[in-house]
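*Asks:* Data: structure_10.cif, mmCIF, N, CA and C atoms.
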data_model
loop_
_atom_site.group_PDB
_atom_site.id
_atom_site.type_symbol
_atom_site.label_atom_id
_atom_site.label_comp_id
_atom_site.auth_asym_id
_atom_site.auth_seq_id
_atom_site.Cartn_x
_atom_site.Cartn_y
_atom_site.Cartn_z
ATOM 1 N N MET H 1 73.382 125.872 148.048
ATOM 2 C CA MET H 1 73.313 124.856 147.013
ATOM 3 C C MET H 1 73.798 123.529 147.594
ATOM 4 N N ILE H 2 73.106 122.457 147.255
ATOM 5 C CA ILE H 2 73.443 121.120 147.740
ATOM 6 C C ILE H 2 74.298 120.424 146.680
ATOM 7 N N ALA H 3 75.464 119.928 147.106
ATOM 8 C CA ALA H 3 76.385 119.254 146.191
ATOM 9 C C ALA H 3 76.086 117.761 146.156
ATOM 10 N N LEU H 4 75.788 117.252 144.963
ATOM 11 C CA LEU H 4 75.530 115.836 144.760
ATOM 12 C C LEU H 4 76.623 115.242 143.883
ATOM 13 N N THR H 5 76.969 113.990 144.149
ATOM 14 C CA THR H 5 77.887 113.240 143.298
ATOM 15 C C THR H 5 77.188 111.941 142.922
ATOM 16 N N LEU H 6 77.162 111.655 141.634
ATOM 17 C CA LEU H 6 76.529 110.446 141.135
ATOM 18 C C LEU H 6 77.593 109.566 140.487
ATOM 19 N N TYR H 7 77.813 108.381 141.070
ATOM 20 C CA TYR H 7 78.705 107.395 140.475
ATOM 21 C C TYR H 7 77.862 106.517 139.562
ATOM 22 N N SER H 8 78.268 106.444 138.291
ATOM 23 C CA SER H 8 77.480 105.722 137.302
ATOM 24 C C SER H 8 78.402 105.152 136.234
ATOM 25 N N ARG H 9 77.773 104.540 135.220
ATOM 26 C CA ARG H 9 78.524 104.090 134.047
ATOM 27 C C ARG H 9 77.585 104.159 132.845
ATOM 28 N N PRO H 10 78.131 104.275 131.650
ATOM 29 C CA PRO H 10 77.296 104.323 130.448
ATOM 30 C C PRO H 10 76.458 103.058 130.302
ATOM 31 N N GLY H 11 75.237 103.228 129.806
ATOM 32 C CA GLY H 11 74.368 102.095 129.548
ATOM 33 C C GLY H 11 73.637 101.564 130.762
ATOM 34 N N CYS H 12 73.709 102.274 131.868
ATOM 35 C CA CYS H 12 73.079 101.846 133.123
ATOM 36 C C CYS H 12 71.690 102.474 133.221
ATOM 37 N N HIS H 13 70.630 101.648 133.096
ATOM 38 C CA HIS H 13 69.275 102.208 133.113
ATOM 39 C C HIS H 13 68.906 102.769 134.487
ATOM 40 N N LEU H 14 69.401 102.169 135.561
ATOM 41 C CA LEU H 14 69.123 102.721 136.895
ATOM 42 C C LEU H 14 69.804 104.079 137.066
ATOM 43 N N CYS H 15 70.974 104.230 136.452
ATOM 44 C CA CYS H 15 71.670 105.522 136.492
ATOM 45 C C CYS H 15 70.837 106.582 135.777
ATOM 46 N N ASP H 16 70.274 106.213 134.641
ATOM 47 C CA ASP H 16 69.416 107.146 133.900
ATOM 48 C C ASP H 16 68.219 107.554 134.751
ATOM 49 N N GLU H 17 67.625 106.589 135.452
ATOM 50 C CA GLU H 17 66.471 106.891 136.305
ATOM 51 C C GLU H 17 66.854 107.834 137.436
ATOM 52 N N MET H 18 68.002 107.576 138.091
ATOM 53 C CA MET H 18 68.417 108.426 139.200
ATOM 54 C C MET H 18 68.753 109.831 138.698
ATOM 55 N N ARG H 19 69.388 109.922 137.550
ATOM 56 C CA ARG H 19 69.711 111.221 136.951
ATOM 57 C C ARG H 19 68.430 112.009 136.687
ATOM 58 N N ALA H 20 67.391 111.340 136.219
ATOM 59 C CA ALA H 20 66.111 112.002 135.950
ATOM 60 C C ALA H 20 65.460 112.499 137.242
ATOM 61 N N VAL H 21 65.542 111.715 138.315
ATOM 62 C CA VAL H 21 64.999 112.138 139.612
ATOM 63 C C VAL H 21 65.734 113.383 140.086
ATOM 64 N N VAL H 22 67.062 113.374 139.999
ATOM 65 C CA VAL H 22 67.858 114.531 140.417
ATOM 66 C C VAL H 22 67.466 115.757 139.594
ATOM 67 N N ALA H 23 67.290 115.591 138.298
ATOM 68 C CA ALA H 23 66.922 116.714 137.433
ATOM 69 C C ALA H 23 65.565 117.298 137.829
ATOM 70 N N ARG H 24 64.601 116.430 138.153
ATOM 71 C CA ARG H 24 63.283 116.931 138.561
ATOM 72 C C ARG H 24 63.361 117.689 139.884
ATOM 73 N N VAL H 25 64.103 117.168 140.842
ATOM 74 C CA VAL H 25 64.239 117.827 142.144
ATOM 75 C C VAL H 25 64.996 119.149 141.983
ATOM 76 N N ALA H 26 65.965 119.179 141.074
ATOM 77 C CA ALA H 26 66.768 120.389 140.854
ATOM 78 C C ALA H 26 65.940 121.556 140.323
ATOM 79 N N ARG H 27 64.754 121.279 139.831
ATOM 80 C CA ARG H 27 63.879 122.372 139.368
ATOM 81 C C ARG H 27 63.362 123.212 140.533
ATOM 82 N N THR H 28 63.318 122.624 141.736
ATOM 83 C CA THR H 28 62.765 123.336 142.888
ATOM 84 C C THR H 28 63.756 123.541 144.032
ATOM 85 N N ILE H 29 64.856 122.799 144.016
ATOM 86 C CA ILE H 29 65.880 122.922 145.058
ATOM 87 C C ILE H 29 67.219 123.145 144.360
ATOM 88 N N PRO H 30 68.000 124.132 144.787
ATOM 89 C CA PRO H 30 69.292 124.357 144.132
ATOM 90 C C PRO H 30 70.272 123.208 144.400
ATOM 91 N N LEU H 31 70.617 122.492 143.337
ATOM 92 C CA LEU H 31 71.526 121.357 143.422
ATOM 93 C C LEU H 31 72.656 121.541 142.421
ATOM 94 N N SER H 32 73.822 121.021 142.763
ATOM 95 C CA SER H 32 74.892 120.896 141.773
ATOM 96 C C SER H 32 75.213 119.412 141.687
ATOM 97 N N LEU H 33 75.346 118.903 140.481
ATOM 98 C CA LEU H 33 75.573 117.479 140.276
ATOM 99 C C LEU H 33 76.901 117.257 139.575
ATOM 100 N N GLN H 34 77.757 116.455 140.208
ATOM 101 C CA GLN H 34 78.980 115.993 139.571
ATOM 102 C C GLN H 34 78.761 114.520 139.283
ATOM 103 N N GLU H 35 78.888 114.139 138.025
ATOM 104 C CA GLU H 35 78.702 112.735 137.660
ATOM 105 C C GLU H 35 80.053 112.119 137.352
ATOM 106 N N ILE H 36 80.310 110.958 137.938
ATOM 107 C CA ILE H 36 81.588 110.280 137.761
ATOM 108 C C ILE H 36 81.337 108.921 137.123
ATOM 109 N N ASP H 37 81.976 108.683 135.978
ATOM 110 C CA ASP H 37 81.874 107.430 135.240
ATOM 111 C C ASP H 37 82.873 106.446 135.844
ATOM 112 N N ILE H 38 82.385 105.447 136.557
ATOM 113 C CA ILE H 38 83.283 104.507 137.235
ATOM 114 C C ILE H 38 84.010 103.590 136.257
ATOM 115 N N SER H 39 83.514 103.480 135.033
ATOM 116 C CA SER H 39 84.137 102.568 134.072
ATOM 117 C C SER H 39 85.507 103.059 133.612
ATOM 118 N N THR H 40 85.857 104.290 133.943
ATOM 119 C CA THR H 40 87.150 104.841 133.536
ATOM 120 C C THR H 40 88.201 104.701 134.630
ATOM 121 N N ASP H 41 87.829 104.095 135.766
ATOM 122 C CA ASP H 41 88.743 104.015 136.908
ATOM 123 C C ASP H 41 88.581 102.654 137.591
ATOM 124 N N ALA H 42 89.620 101.836 137.558
ATOM 125 C CA ALA H 42 89.544 100.477 138.109
ATOM 126 C C ALA H 42 89.218 100.479 139.599
ATOM 127 N N ALA H 43 89.749 101.430 140.347
ATOM 128 C CA ALA H 43 89.478 101.488 141.793
ATOM 129 C C ALA H 43 88.014 101.813 142.053
ATOM 130 N N LEU H 44 87.448 102.760 141.305
ATOM 131 C CA LEU H 44 86.031 103.098 141.467
ATOM 132 C C LEU H 44 85.147 101.940 141.019
ATOM 133 N N GLU H 45 85.549 101.263 139.951
ATOM 134 C CA GLU H 45 84.790 100.103 139.465
ATOM 135 C C GLU H 45 84.749 99.027 140.550
ATOM 136 N N ALA H 46 85.892 98.800 141.217
ATOM 137 C CA ALA H 46 85.953 97.800 142.286
ATOM 138 C C ALA H 46 85.105 98.223 143.484
ATOM 139 N N GLN H 47 85.111 99.516 143.783
ATOM 140 C CA GLN H 47 84.378 100.011 144.948
ATOM 141 C C GLN H 47 82.879 100.064 144.725
ATOM 142 N N TYR H 48 82.442 100.545 143.556
ATOM 143 C CA TYR H 48 81.023 100.800 143.315
ATOM 144 C C TYR H 48 80.383 99.912 142.256
ATOM 145 N N GLY H 49 81.152 99.039 141.616
ATOM 146 C CA GLY H 49 80.686 98.289 140.456
ATOM 147 C C GLY H 49 79.350 97.587 140.601
ATOM 148 N N LEU H 50 79.091 96.978 141.749
ATOM 149 C CA LEU H 50 77.845 96.236 141.944
ATOM 150 C C LEU H 50 76.741 97.080 142.562
ATOM 151 N N GLU H 51 77.035 98.309 142.922
ATOM 152 C CA GLU H 51 76.062 99.144 143.637
ATOM 153 C C GLU H 51 75.508 100.292 142.802
ATOM 154 N N ILE H 52 76.025 100.536 141.625
ATOM 155 C CA ILE H 52 75.625 101.752 140.920
ATOM 156 C C ILE H 52 74.156 101.726 140.522
ATOM 157 N N PRO H 53 73.555 102.880 140.428
ATOM 158 C CA PRO H 53 74.142 104.171 140.735
ATOM 159 C C PRO H 53 74.251 104.402 142.242
ATOM 160 N N VAL H 54 75.261 105.157 142.619
ATOM 161 C CA VAL H 54 75.440 105.563 144.007
ATOM 162 C C VAL H 54 75.391 107.080 144.037
ATOM 163 N N LEU H 55 74.555 107.620 144.929
ATOM 164 C CA LEU H 55 74.397 109.061 145.049
ATOM 165 C C LEU H 55 74.943 109.515 146.395
ATOM 166 N N LEU H 56 75.864 110.470 146.345
ATOM 167 C CA LEU H 56 76.397 111.082 147.554
ATOM 168 C C LEU H 56 75.829 112.493 147.670
ATOM 169 N N VAL H 57 75.453 112.858 148.874
ATOM 170 C CA VAL H 57 74.976 114.208 149.156
ATOM 171 C C VAL H 57 75.959 114.809 150.147
ATOM 172 N N GLY H 58 76.648 115.858 149.709
ATOM 173 C CA GLY H 58 77.647 116.469 150.565
ATOM 174 C C GLY H 58 78.742 115.501 150.964
ATOM 175 N N GLY H 59 79.073 114.545 150.090
ATOM 176 C CA GLY H 59 80.131 113.589 150.350
ATOM 177 C C GLY H 59 79.716 112.341 151.112
ATOM 178 N N THR H 60 78.453 112.258 151.527
ATOM 179 C CA THR H 60 77.952 111.109 152.279
ATOM 180 C C THR H 60 77.000 110.302 151.408
ATOM 181 N N LYS H 61 77.165 108.972 151.414
ATOM 182 C CA LYS H 61 76.303 108.118 150.598
ATOM 183 C C LYS H 61 74.857 108.265 151.067
ATOM 184 N N ALA H 62 73.989 108.655 150.141
ATOM 185 C CA ALA H 62 72.577 108.853 150.448
ATOM 186 C C ALA H 62 71.707 107.760 149.845
ATOM 187 N N ALA H 63 72.173 107.157 148.738
ATOM 188 C CA ALA H 63 71.347 106.145 148.077
ATOM 189 C C ALA H 63 72.193 105.324 147.123
ATOM 190 N N LYS H 64 71.722 104.099 146.894
ATOM 191 C CA LYS H 64 72.259 103.283 145.811
ATOM 192 C C LYS H 64 71.068 102.648 145.113
ATOM 193 N N TYR H 65 71.232 102.362 143.859
ATOM 194 C CA TYR H 65 70.207 101.783 142.979
ATOM 195 C C TYR H 65 69.094 102.772 142.643
ATOM 196 N N ARG H 66 68.317 103.206 143.637
ATOM 197 C CA ARG H 66 67.177 104.099 143.369
ATOM 198 C C ARG H 66 66.988 105.087 144.507
ATOM 199 N N ILE H 67 66.408 106.250 144.150
ATOM 200 C CA ILE H 67 65.962 107.220 145.149
ATOM 201 C C ILE H 67 64.738 107.912 144.578
ATOM 202 N N GLY H 68 63.754 108.142 145.417
ATOM 203 C CA GLY H 68 62.561 108.852 144.983
ATOM 204 C C GLY H 68 62.726 110.351 145.169
ATOM 205 N N GLU H 69 61.886 111.103 144.510
ATOM 206 C CA GLU H 69 61.967 112.561 144.615
ATOM 207 C C GLU H 69 61.788 113.024 146.059
ATOM 208 N N GLU H 70 60.809 112.465 146.757
ATOM 209 C CA GLU H 70 60.564 112.884 148.142
ATOM 210 C C GLU H 70 61.743 112.522 149.034
ATOM 211 N N GLU H 71 62.312 111.343 148.828
ATOM 212 C CA GLU H 71 63.508 110.938 149.596
ATOM 213 C C GLU H 71 64.651 111.936 149.388
ATOM 214 N N LEU H 72 64.883 112.308 148.144
ATOM 215 C CA LEU H 72 65.965 113.219 147.825
ATOM 216 C C LEU H 72 65.723 114.594 148.434
ATOM 217 N N ARG H 73 64.493 115.035 148.430
ATOM 218 C CA ARG H 73 64.175 116.340 149.018
ATOM 219 C C ARG H 73 64.473 116.372 150.520
ATOM 220 N N LYS H 74 64.434 115.218 151.181
ATOM 221 C CA LYS H 74 64.619 115.154 152.625
ATOM 222 C C LYS H 74 66.072 115.041 153.049
ATOM 223 N N VAL H 75 66.969 114.665 152.130
ATOM 224 C CA VAL H 75 68.378 114.484 152.528
ATOM 225 C C VAL H 75 69.158 115.769 152.553
#
Turn the structure described in the file into C-alpha coordinates.
*Replies:*
Amino acid sequence: MIALTLYSRPGCHLCDEMRAVVARVARTIPLSLQEIDISTDAALEAQYGLEIPVLLVGGTKAAKYRIGEEELRKV
(Lines of atoms letter the chains of each structure in order from A and count residues from 1; the text may use other names and numbers.)
(Lines give C-alpha, C1' and ligand atoms only; values in the text may rest on other atoms or scores of the structure.)
Protein backbone atom coordinates (compact mmCIF):
# COMPACT_ATOMS: atom_id res chain seq x y z
CA MET A 1 0.00 0.00 0.00
CA ILE A 2 1.26 3.48 -0.90
CA ALA A 3 1.00 6.08 1.87
CA LEU A 4 -0.11 9.53 0.71
CA THR A 5 -0.37 12.73 2.75
CA LEU A 6 -2.42 15.64 1.47
CA TYR A 7 -1.91 19.08 3.01
CA SER A 8 -5.03 21.14 2.38
CA ARG A 9 -7.52 23.55 3.91
CA PRO A 10 -11.32 23.86 3.81
CA GLY A 11 -12.76 25.71 0.83
CA CYS A 12 -9.77 25.00 -1.42
CA HIS A 13 -11.02 24.02 -4.90
CA LEU A 14 -7.60 22.73 -5.98
CA CYS A 15 -7.58 20.53 -2.87
CA ASP A 16 -10.96 19.12 -3.90
CA GLU A 17 -9.59 18.38 -7.38
CA MET A 18 -6.48 16.63 -6.02
CA ARG A 19 -8.59 14.61 -3.57
CA ALA A 20 -10.77 13.47 -6.49
CA VAL A 21 -7.70 12.40 -8.52
CA VAL A 22 -6.40 10.40 -5.54
CA ALA A 23 -9.81 8.75 -5.11
CA ARG A 24 -9.92 7.71 -8.77
CA VAL A 25 -6.39 6.27 -8.68
CA ALA A 26 -7.18 4.48 -5.39
CA ARG A 27 -9.77 2.39 -7.24
CA THR A 28 -6.95 0.56 -9.05
CA ILE A 29 -3.88 1.03 -6.83
CA PRO A 30 -3.89 0.40 -3.07
CA LEU A 31 -3.42 3.81 -1.44
CA SER A 32 -3.85 5.16 2.06
CA LEU A 33 -4.54 8.87 2.36
CA GLN A 34 -3.92 11.02 5.42
CA GLU A 35 -5.33 14.50 4.97
CA ILE A 36 -3.98 17.33 7.10
CA ASP A 37 -5.84 20.64 7.44
CA ILE A 38 -3.10 23.29 7.56
CA SER A 39 -5.52 25.95 8.81
CA THR A 40 -5.41 24.37 12.28
CA ASP A 41 -1.63 24.74 12.65
CA ALA A 42 0.27 28.04 12.28
CA ALA A 43 3.56 26.30 11.42
CA LEU A 44 1.94 24.24 8.64
CA GLU A 45 0.10 27.33 7.38
CA ALA A 46 3.45 29.17 7.18
CA GLN A 47 5.13 26.23 5.45
CA TYR A 48 2.44 25.24 2.94
CA GLY A 49 0.01 28.20 2.87
CA LEU A 50 0.82 29.40 -0.65
CA GLU A 51 1.42 25.95 -2.15
CA ILE A 52 -1.64 23.92 -1.23
CA PRO A 53 -2.63 21.38 -2.03
CA VAL A 54 0.64 19.58 -1.42
CA LEU A 55 0.79 15.82 -1.92
CA LEU A 56 3.47 13.69 -0.30
CA VAL A 57 4.08 10.11 -1.39
CA GLY A 58 5.91 8.08 1.22
CA GLY A 59 6.90 11.32 2.97
CA THR A 60 8.39 12.95 -0.15
CA LYS A 61 6.73 15.91 -1.89
CA ALA A 62 5.32 14.61 -5.17
CA ALA A 63 3.10 17.50 -6.25
CA LYS A 64 1.67 20.88 -5.40
CA TYR A 65 -1.41 22.57 -6.86
CA ARG A 66 -2.33 19.75 -9.29
CA ILE A 67 -1.49 16.17 -10.24
CA GLY A 68 -2.95 14.07 -13.01
CA GLU A 69 -4.02 10.46 -12.65
CA GLU A 70 -1.20 9.20 -14.87
CA GLU A 71 1.37 11.27 -12.95
CA LEU A 72 0.15 9.84 -9.66
CA ARG A 73 0.26 6.28 -10.98
CA LYS A 74 3.95 6.76 -11.83
CA VAL A 75 5.14 8.06 -8.43
*Asks:* Can you list, as a list in words, every residue of stretch 37-66 of chain H that DSSP puts in strand (DSSP E or B)?
*Replies:*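 Matching residues for strand (DSSP E or B) in stretch 37-66 of chain H are Asp37, Val54, Leu55, Leu56, Val57, Thr60, Lys61, Ala62, Ala63 and Lys64 of chain H.
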*Asks:* Store the residues picked out above, limited to N, CA and C atoms, as a short mmCIF file (atom, residue, chain, number, x, y, z; two decimals), in the frame of the given file.
*Replies:*
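Final file, out14.cif:
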data_model
loop_
_atom_site.label_atom_id
_atom_site.label_comp_id
_atom_site.auth_asym_id
_atom_site.auth_seq_id
_atom_site.Cartn_x
_atom_site.Cartn_y
_atom_site.Cartn_z
N ASP H 37 81.98 108.68 135.98
CA ASP H 37 81.87 107.43 135.24
C ASP H 37 82.87 106.45 135.84
N VAL H 54 75.26 105.16 142.62
CA VAL H 54 75.44 105.56 144.01
C VAL H 54 75.39 107.08 144.04
N LEU H 55 74.56 107.62 144.93
CA LEU H 55 74.40 109.06 145.05
C LEU H 55 74.94 109.52 146.40
N LEU H 56 75.86 110.47 146.34
CA LEU H 56 76.40 111.08 147.55
C LEU H 56 75.83 112.49 147.67
N VAL H 57 75.45 112.86 148.87
CA VAL H 57 74.98 114.21 149.16
C VAL H 57 75.96 114.81 150.15
N THR H 60 78.45 112.26 151.53
CA THR H 60 77.95 111.11 152.28
C THR H 60 77.00 110.30 151.41
N LYS H 61 77.17 108.97 151.41
CA LYS H 61 76.30 108.12 150.60
C LYS H 61 74.86 108.26 151.07
N ALA H 62 73.99 108.66 150.14
CA ALA H 62 72.58 108.85 150.45
C ALA H 62 71.71 107.76 149.84
N ALA H 63 72.17 107.16 148.74
CA ALA H 63 71.35 106.14 148.08
C ALA H 63 72.19 105.32 147.12
N LYS H 64 71.72 104.10 146.89
CA LYS H 64 72.26 103.28 145.81
C LYS H 64 71.07 102.65 145.11
#
*Asks:* Figure out the distance between atom CA of H:Glu51 and atom CA of H:Lys64, please, to one decimal in Å.
*Replies:*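 These two atoms are separated by 6.0 Å.
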*Asks:* Quick check on the file I pasted: which residues fall under the PyMOL selection byres (((chain H and resi 36 and name CA) around 8) and name CA)? Write them as a list in words.
*Replies:*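 Selected by the PyMOL selection byres (((chain H and resi 36 and name CA) around 8) and name CA) in this file: Thr5, Leu6, Tyr7, Ser8, Arg9, Gln34, Glu35, Asp37 and Ile38 of chain H.
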*Asks:* Using the selection just defined, write its residues with N, CA and C atoms as a CSV table (one decimal), in the coordinates of the input.
*Replies:*
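After the write, out_15.csv holds the following:
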chain,number,residue,atom,x,y,z
H,5,THR,N,77.0,114.0,144.1
H,5,THR,CA,77.9,113.2,143.3
H,5,THR,C,77.2,111.9,142.9
H,6,LEU,N,77.2,111.7,141.6
H,6,LEU,CA,76.5,110.4,141.1
H,6,LEU,C,77.6,109.6,140.5
H,7,TYR,N,77.8,108.4,141.1
H,7,TYR,CA,78.7,107.4,140.5
H,7,TYR,C,77.9,106.5,139.6
H,8,SER,N,78.3,106.4,138.3
H,8,SER,CA,77.5,105.7,137.3
H,8,SER,C,78.4,105.2,136.2
H,9,ARG,N,77.8,104.5,135.2
H,9,ARG,CA,78.5,104.1,134.0
H,9,ARG,C,77.6,104.2,132.8
H,34,GLN,N,77.8,116.5,140.2
H,34,GLN,CA,79.0,116.0,139.6
H,34,GLN,C,78.8,114.5,139.3
H,35,GLU,N,78.9,114.1,138.0
H,35,GLU,CA,78.7,112.7,137.7
H,35,GLU,C,80.1,112.1,137.4
H,37,ASP,N,82.0,108.7,136.0
H,37,ASP,CA,81.9,107.4,135.2
H,37,ASP,C,82.9,106.4,135.8
H,38,ILE,N,82.4,105.4,136.6
H,38,ILE,CA,83.3,104.5,137.2
H,38,ILE,C,84.0,103.6,136.3
*Asks:* Which residues are close to H:Leu72, i.e. within 8 Å by only N, CA and C atoms, leaving aside same-chain residues fewer than 2 positions away? Reply as a ChimeraX atom specification.
*Replies:* /H:21-22,25,67-70,74-75
*Asks:* Run through the PyMOL selection byres (((chain H and resi 58 and name CA) around 8) and name CA) on the given coordinates and return the selected residues as a PDB file with N, CA and C atoms, in the frame of the given file.
*Replies:*
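Contents of result.pdb, freshly written:
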ATOM      1  N   ILE H   2      73.106 122.457 147.255  1.00  0.00           N
ATOM      2  CA  ILE H   2      73.443 121.120 147.740  1.00  0.00           C
ATOM      3  C   ILE H   2      74.298 120.424 146.680  1.00  0.00           C
ATOM      4  N   ALA H   3      75.464 119.928 147.106  1.00  0.00           N
ATOM      5  CA  ALA H   3      76.385 119.254 146.191  1.00  0.00           C
ATOM      6  C   ALA H   3      76.086 117.761 146.156  1.00  0.00           C
ATOM      7  N   LEU H   4      75.788 117.252 144.963  1.00  0.00           N
ATOM      8  CA  LEU H   4      75.530 115.836 144.760  1.00  0.00           C
ATOM      9  C   LEU H   4      76.623 115.242 143.883  1.00  0.00           C
ATOM     10  N   THR H   5      76.969 113.990 144.149  1.00  0.00           N
ATOM     11  CA  THR H   5      77.887 113.240 143.298  1.00  0.00           C
ATOM     12  C   THR H   5      77.188 111.941 142.922  1.00  0.00           C
ATOM     13  N   LEU H  56      75.864 110.470 146.345  1.00  0.00           N
ATOM     14  CA  LEU H  56      76.397 111.082 147.554  1.00  0.00           C
ATOM     15  C   LEU H  56      75.829 112.493 147.670  1.00  0.00           C
ATOM     16  N   VAL H  57      75.453 112.858 148.874  1.00  0.00           N
ATOM     17  CA  VAL H  57      74.976 114.208 149.156  1.00  0.00           C
ATOM     18  C   VAL H  57      75.959 114.809 150.147  1.00  0.00           C
ATOM     19  N   GLY H  59      79.073 114.545 150.090  1.00  0.00           N
ATOM     20  CA  GLY H  59      80.131 113.589 150.350  1.00  0.00           C
ATOM     21  C   GLY H  59      79.716 112.341 151.112  1.00  0.00           C
ATOM     22  N   THR H  60      78.453 112.258 151.527  1.00  0.00           N
ATOM     23  CA  THR H  60      77.952 111.109 152.279  1.00  0.00           C
ATOM     24  C   THR H  60      77.000 110.302 151.408  1.00  0.00           C
TER      25      THR H  60
END
